[in-house]
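With compact mmCIF, C-alpha atoms inside, this is model02.txt:
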```txt
# COMPACT_ATOMS: atom_id res chain seq x y z
CA MET A 686 22.94 163.71 183.82
CA ALA A 687 21.77 163.82 187.40
CA GLU A 688 22.99 167.38 187.58
CA GLU A 689 20.92 168.32 184.52
CA ILE A 690 17.89 166.74 186.05
CA GLN A 691 18.57 168.63 189.29
CA GLU A 692 18.96 171.94 187.50
CA LYS A 693 15.76 171.42 185.62
CA ALA A 694 13.92 170.66 188.89
CA GLU A 695 15.10 173.63 190.91
CA PRO A 696 13.35 176.44 189.08
CA GLY A 697 9.85 175.13 189.67
CA SER A 698 8.13 174.38 192.87
CA GLU A 699 6.55 171.46 191.37
CA ASN A 700 9.76 169.77 191.35
CA LYS A 701 10.34 170.19 195.02
CA ALA A 702 7.58 167.74 195.77
CA LEU A 703 9.22 165.21 193.66
CA GLY A 704 12.57 165.58 195.40
CA PRO A 705 12.92 162.17 197.06
CA VAL A 706 11.69 160.36 194.01
CA ALA A 707 14.02 162.29 191.86
CA LYS A 708 16.89 161.53 194.14
CA GLY A 709 16.03 157.87 194.03
CA VAL A 710 15.72 157.92 190.33
CA GLU A 711 18.91 159.93 190.06
CA GLY A 712 20.69 157.43 192.18
CA SER A 713 19.45 154.53 190.14
CA LEU A 714 20.25 156.31 186.95
CA THR A 715 23.71 157.03 188.12
CA LYS A 716 24.41 153.42 188.94
CA SER A 717 23.07 152.13 185.65
CA THR A 718 25.02 154.72 183.80
CA TRP A 719 28.23 153.74 185.36
CA LEU A 720 27.39 150.13 184.86
CA GLY A 721 26.73 150.72 181.14
CA VAL A 722 29.86 152.74 180.84
CA PHE A 723 31.73 150.00 182.54
CA ASN A 724 30.16 147.42 180.24
CA LEU A 725 30.95 149.53 177.23
CA PHE A 726 34.46 149.93 178.52
CA LEU A 727 34.69 146.20 178.95
CA ILE A 728 33.22 145.63 175.55
CA PHE A 729 35.59 148.11 173.97
CA SER A 730 38.42 146.66 175.95
CA LEU A 731 37.52 143.19 174.84
CA VAL A 732 37.12 144.40 171.28
CA GLY A 733 40.46 146.17 171.46
CA ILE A 734 42.07 143.18 173.02
CA GLY A 735 40.47 140.95 170.40
CA PHE A 736 41.54 143.31 167.62
CA TYR A 737 45.02 143.46 169.06
CA LEU A 738 45.11 139.72 169.39
CA SER A 739 43.75 139.31 165.87
CA GLU A 740 46.42 141.70 164.60
CA LEU A 741 49.04 139.76 166.43
CA LEU A 742 47.60 136.54 165.07
CA ARG A 743 47.48 138.06 161.59
CA ASP A 744 51.09 139.20 161.87
CA ASP A 745 52.12 135.78 163.11
CA LEU A 746 50.11 134.17 160.34
CA LYS A 747 51.65 136.52 157.79
CA ASN A 748 55.11 135.84 159.11
CA LEU A 749 54.38 132.15 159.10
CA THR A 750 52.99 132.44 155.57
CA ASP A 751 56.09 134.37 154.48
CA GLU A 752 58.28 131.77 156.06
CA VAL A 753 56.32 129.00 154.40
CA HIS A 754 56.51 130.90 151.11
CA LYS A 755 60.24 131.34 151.54
CA GLU A 756 60.57 127.66 152.34
CA ASP A 757 58.49 126.85 149.25
CA LEU A 758 60.74 129.08 147.16
CA GLN A 759 63.76 127.41 148.69
CA LEU A 760 62.19 124.04 147.98
CA ILE A 761 61.48 125.12 144.40
CA GLU A 762 65.07 126.42 144.05
CA ILE A 763 66.40 123.25 145.60
CA SER A 764 64.19 121.24 143.25
CA GLY A 765 65.56 123.24 140.28
CA GLN A 766 69.09 122.67 141.49
CA MET A 767 68.30 119.00 141.93
CA THR A 768 66.95 118.92 138.36
CA GLU A 769 70.10 120.67 137.12
CA TYR A 770 72.22 118.28 139.12
CA GLN A 771 70.30 115.39 137.64
CA LYS A 772 70.90 116.76 134.13
CA GLN A 773 74.60 117.22 134.88
CA LEU A 774 74.68 113.71 136.35
CA ALA A 775 72.99 112.39 133.20
CA ALA A 776 75.55 114.24 131.02
CA ILE A 777 78.38 112.89 133.16
CA GLN A 778 76.94 109.40 132.87
CA SER A 779 76.66 109.86 129.08
CA GLN A 780 80.27 111.06 128.92
CA PHE A 781 81.31 108.19 131.13
CA ALA A 782 79.50 105.77 128.83
CA THR A 783 81.23 107.37 125.81
CA ILE A 784 84.58 107.11 127.57
CA GLN A 785 83.85 103.49 128.37
CA MET A 786 83.02 102.85 124.70
CA GLN A 787 86.20 104.62 123.60
CA PHE A 788 88.17 102.69 126.18
CA SER A 789 86.62 99.47 124.92
CA THR A 790 87.47 100.47 121.33
CA MET A 791 91.03 101.30 122.39
CA GLU A 792 91.31 97.98 124.15
CA SER A 793 90.05 96.25 121.01
CA ASP A 794 92.50 98.20 118.83
CA ILE A 795 95.35 97.46 121.21
CA SER A 796 94.40 93.83 121.19
CA ASN A 797 94.30 93.79 117.37
CA LYS A 798 97.62 95.64 117.18
CA ASP A 799 99.11 93.20 119.65
CA GLN A 800 97.93 90.36 117.45
CA VAL A 801 99.37 92.07 114.35
CA VAL A 802 102.65 92.75 116.13
CA ASN A 803 102.81 89.21 117.41
CA GLN A 804 102.07 87.88 113.93
CA ALA A 805 104.70 90.19 112.45
CA LEU A 806 107.18 89.05 115.07
CA GLU A 807 106.39 85.45 114.31
CA ASN A 808 106.78 86.07 110.57
CA PHE A 809 110.00 88.00 111.15
CA SER A 810 111.25 85.24 113.39
CA GLY A 811 110.36 82.70 110.71
CA LEU A 812 112.13 84.75 108.05
CA ASN A 813 115.15 85.13 110.28
CA ASP A 814 115.17 81.41 110.87
CA GLU A 815 114.94 80.79 107.14
CA LYS A 816 117.67 83.35 106.41
CA LEU A 817 119.81 81.89 109.16
CA ALA A 818 119.34 78.42 107.72
CA ALA A 819 120.14 79.71 104.21
CA ASN A 820 123.21 81.54 105.52
CA LYS A 821 124.33 78.43 107.34
CA LYS A 822 123.88 76.44 104.15
CA GLU A 823 125.78 79.01 102.08
CA LEU A 824 128.48 79.18 104.72
CA SER A 825 128.78 75.41 104.68
CA ILE A 826 129.04 75.45 100.88
CA SER A 827 131.64 78.22 101.04
CA ILE A 828 133.60 76.30 103.64
CA GLU A 829 133.49 73.21 101.45
CA GLN A 830 134.62 75.26 98.46
CA ILE A 831 137.45 76.75 100.52
CA LYS A 832 138.42 73.30 101.63
CA ARG A 833 138.42 72.11 98.03
CA GLN A 834 140.41 75.19 96.99
CA LEU A 835 142.94 74.59 99.75
CA GLY A 836 143.21 70.99 98.69
CA LYS A 837 143.97 71.89 95.07
CA THR A 838 147.42 71.48 93.61
CA ARG A 839 149.33 74.02 91.56
CA GLY A 840 148.13 72.31 88.40
CA ASP A 841 144.52 72.76 89.48
CA TRP A 842 145.10 76.46 90.05
CA LEU A 843 146.71 76.84 86.63
CA ILE A 844 143.76 75.06 85.00
CA ALA A 845 141.32 77.38 86.85
CA ASP A 846 143.34 80.37 85.67
CA ALA A 847 143.23 79.06 82.10
CA GLU A 848 139.45 78.68 82.35
CA TYR A 849 139.17 82.32 83.45
CA LEU A 850 141.35 83.45 80.51
CA LEU A 851 139.22 81.48 78.04
CA THR A 852 136.10 83.17 79.50
CA VAL A 853 137.72 86.59 79.05
CA ALA A 854 138.65 85.72 75.44
CA ASN A 855 135.05 84.85 74.59
CA GLN A 856 133.70 87.98 76.27
CA ARG A 857 136.16 90.30 74.53
CA LEU A 858 135.52 88.68 71.17
CA HIS A 859 131.74 88.57 71.17
CA LEU A 860 130.90 91.62 73.27
CA VAL A 861 133.58 94.07 72.13
CA GLY A 862 134.87 92.45 68.95
CA ASP A 863 138.49 92.77 70.09
CA VAL A 864 140.22 89.97 68.15
CA ASN A 865 143.72 90.84 69.32
CA ALA A 866 142.73 90.69 72.98
CA ALA A 867 141.02 87.35 72.38
CA ILE A 868 144.17 85.95 70.73
CA LYS A 869 146.30 87.13 73.67
CA ALA A 870 143.91 85.60 76.20
CA LEU A 871 143.86 82.26 74.31
CA THR A 872 147.65 82.24 74.11
CA ALA A 873 147.92 82.94 77.87
CA ALA A 874 145.41 80.16 78.60
CA ASP A 875 147.41 77.73 76.49
CA GLN A 876 150.54 78.74 78.43
CA ARG A 877 148.77 78.05 81.76
CA LEU A 878 147.64 74.62 80.55
CA ARG A 879 151.16 73.77 79.39
CA GLU A 880 152.56 74.75 82.81
CA SER A 881 149.97 72.60 84.60
CA GLY A 882 151.61 69.43 83.23
CA SER A 883 148.31 67.55 83.20
CA GLY A 884 147.84 65.02 80.44
CA SER A 885 144.08 65.61 80.40
CA VAL A 886 144.41 69.07 78.84
CA PHE A 887 146.03 68.01 75.55
CA LYS A 888 142.74 68.06 73.66
CA VAL A 889 141.93 71.46 75.10
CA ARG A 890 145.30 72.82 73.93
CA GLU A 891 144.68 71.44 70.45
CA GLU A 892 141.34 73.20 70.32
CA ILE A 893 142.92 76.44 71.56
CA ALA A 894 145.59 76.25 68.85
CA GLU A 895 142.89 75.80 66.20
CA GLU A 896 140.90 78.73 67.58
CA ILE A 897 143.99 80.97 67.59
CA SER A 898 144.62 80.03 63.94
CA LEU A 899 141.03 80.95 63.05
CA LEU A 900 141.28 84.30 64.80
CA LYS A 901 144.54 85.19 63.04
CA ASN A 902 142.78 84.82 59.70
CA VAL A 903 140.07 87.30 60.67
CA GLN A 904 140.34 90.68 58.96
CA VAL A 905 140.14 93.18 61.79
CA PRO A 906 138.85 96.64 60.82
CA ASP A 907 141.26 99.46 61.51
CA ILE A 908 139.21 101.45 63.99
CA VAL A 909 142.07 103.83 64.74
CA GLY A 910 142.64 104.49 61.05
CA ILE A 911 138.93 105.12 60.42
CA PHE A 912 138.81 107.47 63.40
CA SER A 913 141.86 109.37 62.12
CA LYS A 914 140.29 109.68 58.68
CA LEU A 915 137.10 111.06 60.23
CA LYS A 916 139.16 113.68 62.04
CA LEU A 917 140.78 114.70 58.74
CA ILE A 918 137.32 114.92 57.11
CA SER A 919 136.11 117.08 60.00
CA LYS A 920 139.09 119.37 59.63
CA ALA A 921 138.73 119.60 55.84
CA SER A 922 134.99 120.33 56.13
CA GLN A 923 135.72 123.63 57.86
CA ASP A 924 137.41 124.90 54.67
CA LEU A 925 134.44 124.13 52.40
CA THR A 926 132.70 127.03 50.69
CA ILE A 927 129.11 127.58 51.73
CA ARG A 928 126.72 127.78 48.80
CA LEU A 929 124.66 130.72 50.01
CA PRO A 930 126.31 134.14 50.18
CA TYR A 931 127.03 135.73 53.53
CA PRO A 932 129.04 138.75 54.76
CA GLY A 933 132.79 138.20 54.37
CA LYS A 934 132.52 135.38 51.82
CA GLU A 935 135.58 135.19 49.55
CA ILE A 936 134.82 135.00 45.83
CA ALA A 937 136.95 132.62 43.83
CA VAL A 938 138.45 134.05 40.64
CA GLU A 939 138.76 131.98 37.51
CA LEU A 940 138.88 134.17 34.37
CA GLY A 941 140.45 133.66 30.94
CA SER A 942 140.87 129.92 31.28
CA ASN A 943 138.91 129.26 28.08
CA ILE A 944 140.62 132.00 25.94
CA ASP A 945 143.30 130.97 23.48
CA ALA A 946 146.32 133.17 24.30
CA ASP A 947 148.00 132.41 20.93
CA ASP A 948 145.24 134.10 18.96
CA ASP A 949 146.47 137.52 17.83
CA THR A 950 143.00 139.04 17.78
CA ASN A 951 142.33 138.06 21.38
CA GLN A 952 145.81 138.72 22.75
CA TRP A 953 144.80 142.01 24.26
CA LEU A 954 141.77 140.41 25.91
CA SER A 955 143.94 137.65 27.36
CA ASP A 956 146.35 140.19 28.77
CA LEU A 957 143.49 142.15 30.27
CA LEU A 958 141.97 139.10 31.89
CA GLY A 959 145.39 138.12 33.20
CA ASP A 960 145.68 141.51 34.83
CA LEU A 961 142.20 141.10 36.36
CA HIS A 962 142.97 137.57 37.63
CA GLY A 963 142.30 137.44 41.34
CA LEU A 964 139.99 140.46 41.24
CA VAL A 965 136.95 139.38 39.25
CA SER A 966 135.25 136.02 39.08
CA ILE A 967 132.67 134.80 36.63
CA ARG A 968 131.06 131.56 37.64
CA ARG A 969 127.96 129.65 36.63
CA VAL A 970 125.71 128.83 39.52
CA GLU A 971 123.47 125.86 38.88
CA GLN A 972 121.06 126.71 41.69
CA PRO A 973 119.77 130.23 42.17
CA VAL A 974 120.60 132.10 45.36
CA ARG A 975 117.47 132.08 47.46
CA ALA A 976 118.61 134.03 50.48
CA ILE A 977 121.53 135.87 51.97
CA ILE A 978 122.49 134.35 55.32
CA SER A 979 124.32 135.98 58.19
CA HIS A 980 127.80 135.16 59.41
CA GLU A 981 126.32 133.32 62.43
CA ASP A 982 124.23 131.14 60.12
CA ALA A 983 127.32 130.27 58.08
CA HIS A 984 129.17 129.37 61.29
CA PHE A 985 126.19 127.23 62.33
CA ILE A 986 126.25 125.34 59.00
CA ARG A 987 129.94 124.48 59.45
CA GLN A 988 129.49 123.49 63.09
CA GLN A 989 126.50 121.32 62.22
CA LEU A 990 128.62 119.35 59.75
CA LYS A 991 131.36 119.03 62.35
CA LEU A 992 128.82 117.77 64.89
CA LYS A 993 127.48 115.11 62.50
CA ILE A 994 131.02 113.84 61.88
CA GLU A 995 131.71 113.74 65.64
CA VAL A 996 128.52 111.73 66.16
CA ALA A 997 129.80 109.30 63.52
CA MET A 998 133.05 109.05 65.53
CA LEU A 999 131.06 108.16 68.63
CA SER A 1000 129.15 105.45 66.73
CA LEU A 1001 132.50 104.13 65.48
CA LEU A 1002 133.91 103.84 69.00
CA GLN A 1003 130.75 102.06 70.14
CA HIS A 1004 130.99 99.63 67.19
CA GLN A 1005 127.48 100.51 65.99
CA ASP A 1006 127.76 99.85 62.28
CA ASP A 1007 124.23 100.93 61.32
CA LEU A 1008 124.38 104.21 63.22
CA PHE A 1009 127.85 104.88 61.84
CA LYS A 1010 126.66 104.54 58.25
CA GLN A 1011 123.55 106.59 58.95
CA ASP A 1012 125.61 109.42 60.47
CA LEU A 1013 127.95 109.39 57.46
CA GLU A 1014 124.95 109.51 55.10
CA GLU A 1015 123.57 112.55 56.94
CA SER A 1016 126.97 114.24 56.75
CA LYS A 1017 127.17 113.58 53.00
CA LEU A 1018 123.68 115.02 52.42
CA TRP A 1019 124.59 118.07 54.50
CA VAL A 1020 127.65 118.71 52.32
CA ASN A 1021 125.60 118.35 49.12
CA ASN A 1022 122.86 120.69 50.33
CA ASN A 1023 124.86 123.46 51.99
CA PHE A 1024 128.29 123.67 50.31
CA GLU A 1025 129.42 124.48 46.77
CA ALA A 1026 130.28 121.62 44.47
CA ASN A 1027 134.05 121.93 44.01
CA GLU A 1028 137.07 119.71 44.34
CA GLN A 1029 137.19 120.00 48.13
CA SER A 1030 133.54 119.09 48.67
CA GLU A 1031 133.77 116.24 46.13
CA GLN A 1032 136.84 114.87 47.93
CA VAL A 1033 135.02 115.02 51.26
CA ILE A 1034 132.06 113.16 49.77
CA LEU A 1035 134.37 110.52 48.27
CA ASP A 1036 136.08 110.00 51.63
CA ILE A 1037 132.69 109.64 53.34
CA LYS A 1038 131.54 107.09 50.75
CA GLU A 1039 134.73 105.12 51.26
CA LEU A 1040 134.15 105.00 54.99
CA GLN A 1041 130.54 103.94 54.41
CA ASN A 1042 131.77 100.88 52.53
CA THR A 1043 134.18 99.98 55.33
CA PRO A 1044 132.65 97.39 57.71
CA LEU A 1045 133.16 97.90 61.44
CA HIS A 1046 132.59 94.25 62.26
CA SER A 1047 134.01 91.09 60.81
CA ASP A 1048 132.75 87.54 61.02
CA VAL A 1049 134.40 86.10 64.09
CA PRO A 1050 134.62 82.33 64.64
CA ASP A 1051 133.28 80.48 67.64
CA VAL A 1052 136.03 80.02 70.22
CA SER A 1053 133.87 78.64 73.05
CA LYS A 1054 134.57 74.95 72.40
CA SER A 1055 137.86 74.98 74.29
CA LEU A 1056 136.13 76.66 77.27
CA THR A 1057 133.40 74.00 77.27
CA MET A 1058 135.98 71.23 77.16
CA LEU A 1059 137.98 72.75 80.01
CA ARG A 1060 134.89 73.07 82.18
CA ASN A 1061 134.42 69.31 81.75
CA ILE A 1062 138.01 68.63 82.82
CA SER A 1063 136.90 65.77 85.07
CA LYS A 1064 135.62 63.88 82.01
CA LEU A 1065 138.89 64.52 80.19
CA ARG A 1066 140.80 63.22 83.20
CA VAL A 1067 138.79 60.02 83.18
CA GLU A 1068 139.48 59.59 79.46
CA ALA A 1069 143.18 60.26 80.02
CA ASP A 1070 143.31 57.71 82.81
CA LYS A 1071 141.61 55.13 80.55
CA ALA A 1072 144.12 55.86 77.79
CA LEU A 1073 147.01 55.26 80.21
```

Since I need it in another form, could you write the structure as structure tokens?
Amino acid sequence: MAEEIQEKAEPGSENKALGPVAKGVEGSLTKSTWLGVFNLFLIFSLVGIGFYLSELLRDDLKNLTDEVHKEDLQLIEISGQMTEYQKQLAAIQSQFATIQMQFSTMESDISNKDQVVNQALENFSGLNDEKLAANKKELSISIEQIKRQLGKTRGDWLIADAEYLLTVANQRLHLVGDVNAAIKALTAADQRLRESGSGSVFKVREEIAEEISLLKNVQVPDIVGIFSKLKLISKASQDLTIRLPYPGKEIAVELGSNIDADDDTNQWLSDLLGDLHGLVSIRRVEQPVRAIISHEDAHFIRQQLKLKIEVAMLSLLQHQDDLFKQDLEESKLWVNNNFEANEQSEQVILDIKELQNTPLHSDVPDVSKSLTMLRNISKLRVEADKAL
């Protein structure tokens, strides 16, 4: 700037006069210029330094803000985790409370079961005690009975055996109706009483003799004979002629029986019918033929009759009088309805009627008085002692 001023002053003379002033001004201008530049430099330096420092401060503040933000995020995350942990802790506490309740329930159940088991054990122990006491009592009774049995004489054993035989006689007579077995049992009982040699059994033997006499007068039905007759009826029923025609049925021939052979005018007819005898049959059928049955049906009709007779046999062996008569009645009706009315079928029906009128049971007397007297043998012994 001083140089420009100097250049501008050199061309003119007018500037030469102003030389010292110009130099002074130039020198002052130069100093102020440098001072301003220096001030500007300082200002710019200070501004730059301030800007730099502000940038540094901004960066530090930003970093600090970022760090604080990160810490806030971490705190928020930690808070969320703490909330989750609190929820899990609450769930665990709830589960723990549930487990405690279940455990309490289990303890209560176990306590109740223990009480039930203890009560059952007490009841079982009481029952065992009762059973043990009952067994002891029964054992004591059995021991006493054994002692009494061991103390019995031979006569006592014979009397006990006679009592058993009298019981068997009553059972066979009233339950089975076997009179012969009852007579044998009474006779054996009388023999045992005779061998006992006791004077207290005389009345019992008298009663047994009377009962045997009553049983011998009983008319015993011949079960074996009735059974045999039923077998014969069953066998004869298989030869009966079925009323309805079926394949293979044999036709009976009965011609010329009503023709007088001595008549001269009918001699030739008699000879002709004699020649045809066995080949042609003329028979009056009271009931019309309603159907032609097969061979299997005919076999079924015969087997059905046989089955009815066998059922009657079973009723006979079981001594069921009513069922026996009912089975015979059904057999008779079956013969009337399914077989031809000839001599064989009429004989079968007559045999069935005869069996129907045959009783399977007879009036048996009461033979229990001797058993009752023998069971009261102690009373008879007292009476015998008084008589002596």

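Residues in contact range of stretch 841-848 of chain A, defined as at most 7 Å between only C-alpha atoms, with sequence neighbours fewer than 6 positions away removed, read Ala874, Arg877, Leu878, Ser881, Leu1056 and Leu1059 of chain A.
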
Go ahead and write the selection's residues with C-alpha atoms as a tab-separated table (two decimals), keeping the file's coordinate frame.
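Saved as selection-v4.tsv:
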```tsv
chain	number	residue	atom	x	y	z
A	874	ALA	CA	145.41	80.16	78.60
A	877	ARG	CA	148.77	78.05	81.76
A	878	LEU	CA	147.64	74.62	80.55
A	881	SER	CA	149.97	72.60	84.60
A	1056	LEU	CA	136.13	76.66	77.27
A	1059	LEU	CA	137.98	72.75	80.01
```

Do you know which residues lie at most 12 Å from (140.4, 116.3, 60.7), with coordinates as in the file and only C-alpha atoms counted, and could you write them as a count of residues only? 20

Hey, what's within 12 Å of A:Asp1012 if we count only C-alpha atoms and toss same-chain stuff fewer than 6 positions away? As a list of chain:residue names, please? A:Leu915, A:Leu990, A:Lys991, A:Leu992, A:Lys993, A:Ile994, A:Glu995, A:Val996, A:Ala997, A:Met998, A:Leu999, A:Ser1000, A:Leu1001, A:Gln1005, A:Asp1006, A:Leu1018, A:Trp1019, A:Ile1037, A:Lys1038, A:Leu1040, A:Gln1041

Rank A:Thr1057, A:Pro1044, A:Val802, A:Glu815 by their smallest atom-to-atom distance to A:Phe1009, using all atoms listed in the file, and report the top residue only. A:Pro1044

Put a box with edges along x, y and z around all the listed atoms of stretch 1029-1037 of chain A, pad it by 6 Å on each side, then give me its centre and sizes in Å, one decimal, as AutoDock Vina command-line options.
```
--center_x 134.6 --center_y 114.8 --center_z 49.7 --size_x 17.1 --size_y 22.4 --size_z 19.2
```

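The coordinates place atom CA of A:Asn1022 at 13.1 Å from atom CA of A:Ala983.
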
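With only C-alpha atoms as the atoms that count, the residue of A:His859, A:Leu850, A:Glu740, A:Gly884 with the shortest distance to A:Leu871 is A:Leu850.
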
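When atom CA of A:Asn1021 is paired with atom CA of A:Leu925, their separation reads 11.1 Å.
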
Can you tell me which residues surround A:Val861 at a distance of at most 10 Å, considering all atoms listed in the file, apart from same-chain residues fewer than 5 positions away, and format the answer as a PyMOL selection string? chain A and resi 855-856+866+1003-1004+1046

Using all atoms listed in the file, the best pick from A:Leu1008, A:Val909, A:Ile728, A:Ile927 as closest to A:His980 would be A:Ile927

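Between atom CA of A:Ala854 and atom CA of A:Ala870 lies a distance of 5.3 Å.
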
Atoms added to stretch 737-755 of chain A (N, CA and C atoms), reported as a PDB file, keeping the file's coordinate frame:
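Once everything was written out, this is result_38.pdb:
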```pdb
ATOM      1  N   TYR A 737      43.554 143.545 168.910  1.00  0.00           N
ATOM      2  CA  TYR A 737      45.020 143.460 169.060  1.00  0.00           C
ATOM      3  C   TYR A 737      45.503 142.039 168.887  1.00  0.00           C
ATOM      4  N   LEU A 738      44.729 141.117 169.523  1.00  0.00           N
ATOM      5  CA  LEU A 738      45.110 139.720 169.390  1.00  0.00           C
ATOM      6  C   LEU A 738      44.983 139.232 167.955  1.00  0.00           C
ATOM      7  N   SER A 739      43.919 139.714 167.282  1.00  0.00           N
ATOM      8  CA  SER A 739      43.750 139.310 165.870  1.00  0.00           C
ATOM      9  C   SER A 739      44.883 139.864 164.990  1.00  0.00           C
ATOM     10  N   GLU A 740      45.296 141.123 165.359  1.00  0.00           N
ATOM     11  CA  GLU A 740      46.420 141.700 164.600  1.00  0.00           C
ATOM     12  C   GLU A 740      47.692 140.904 164.836  1.00  0.00           C
ATOM     13  N   LEU A 741      47.867 140.557 166.135  1.00  0.00           N
ATOM     14  CA  LEU A 741      49.040 139.760 166.430  1.00  0.00           C
ATOM     15  C   LEU A 741      48.987 138.419 165.705  1.00  0.00           C
ATOM     16  N   LEU A 742      47.756 137.828 165.758  1.00  0.00           N
ATOM     17  CA  LEU A 742      47.600 136.540 165.070  1.00  0.00           C
ATOM     18  C   LEU A 742      47.804 136.682 163.562  1.00  0.00           C
ATOM     19  N   ARG A 743      47.307 137.821 163.039  1.00  0.00           N
ATOM     20  CA  ARG A 743      47.480 138.060 161.590  1.00  0.00           C
ATOM     21  C   ARG A 743      48.957 138.237 161.250  1.00  0.00           C
ATOM     22  N   ASP A 744      49.643 139.008 162.129  1.00  0.00           N
ATOM     23  CA  ASP A 744      51.090 139.200 161.870  1.00  0.00           C
ATOM     24  C   ASP A 744      51.827 137.867 161.949  1.00  0.00           C
ATOM     25  N   ASP A 745      51.460 137.087 163.002  1.00  0.00           N
ATOM     26  CA  ASP A 745      52.120 135.780 163.110  1.00  0.00           C
ATOM     27  C   ASP A 745      51.807 134.906 161.910  1.00  0.00           C
ATOM     28  N   LEU A 746      50.485 134.976 161.506  1.00  0.00           N
ATOM     29  CA  LEU A 746      50.110 134.170 160.340  1.00  0.00           C
ATOM     30  C   LEU A 746      50.825 134.637 159.076  1.00  0.00           C
ATOM     31  N   LYS A 747      50.948 135.971 158.964  1.00  0.00           N
ATOM     32  CA  LYS A 747      51.650 136.520 157.790  1.00  0.00           C
ATOM     33  C   LYS A 747      53.110 136.111 157.796  1.00  0.00           C
ATOM     34  N   ASN A 748      53.695 136.248 159.020  1.00  0.00           N
ATOM     35  CA  ASN A 748      55.110 135.840 159.110  1.00  0.00           C
ATOM     36  C   ASN A 748      55.266 134.353 158.798  1.00  0.00           C
ATOM     37  N   LEU A 749      54.312 133.574 159.359  1.00  0.00           N
ATOM     38  CA  LEU A 749      54.380 132.150 159.100  1.00  0.00           C
ATOM     39  C   LEU A 749      54.192 131.845 157.607  1.00  0.00           C
ATOM     40  N   THR A 750      53.214 132.637 157.011  1.00  0.00           N
ATOM     41  CA  THR A 750      52.990 132.440 155.570  1.00  0.00           C
ATOM     42  C   THR A 750      54.226 132.822 154.760  1.00  0.00           C
ATOM     43  N   ASP A 751      54.853 133.952 155.186  1.00  0.00           N
ATOM     44  CA  ASP A 751      56.090 134.370 154.480  1.00  0.00           C
ATOM     45  C   ASP A 751      57.175 133.318 154.622  1.00  0.00           C
ATOM     46  N   GLU A 752      57.259 132.802 155.869  1.00  0.00           N
ATOM     47  CA  GLU A 752      58.280 131.770 156.060  1.00  0.00           C
ATOM     48  C   GLU A 752      57.980 130.528 155.234  1.00  0.00           C
ATOM     49  N   VAL A 753      56.695 130.164 155.213  1.00  0.00           N
ATOM     50  CA  VAL A 753      56.320 129.000 154.400  1.00  0.00           C
ATOM     51  C   VAL A 753      56.576 129.272 152.927  1.00  0.00           C
ATOM     52  N   HIS A 754      56.268 130.532 152.511  1.00  0.00           N
ATOM     53  CA  HIS A 754      56.510 130.900 151.110  1.00  0.00           C
ATOM     54  C   HIS A 754      58.008 130.852 150.777  1.00  0.00           C
ATOM     55  N   LYS A 755      58.782 131.386 151.756  1.00  0.00           N
ATOM     56  CA  LYS A 755      60.240 131.340 151.540  1.00  0.00           C
ATOM     57  C   LYS A 755      60.722 129.894 151.459  1.00  0.00           C
TER      58      LYS A 755
END
```
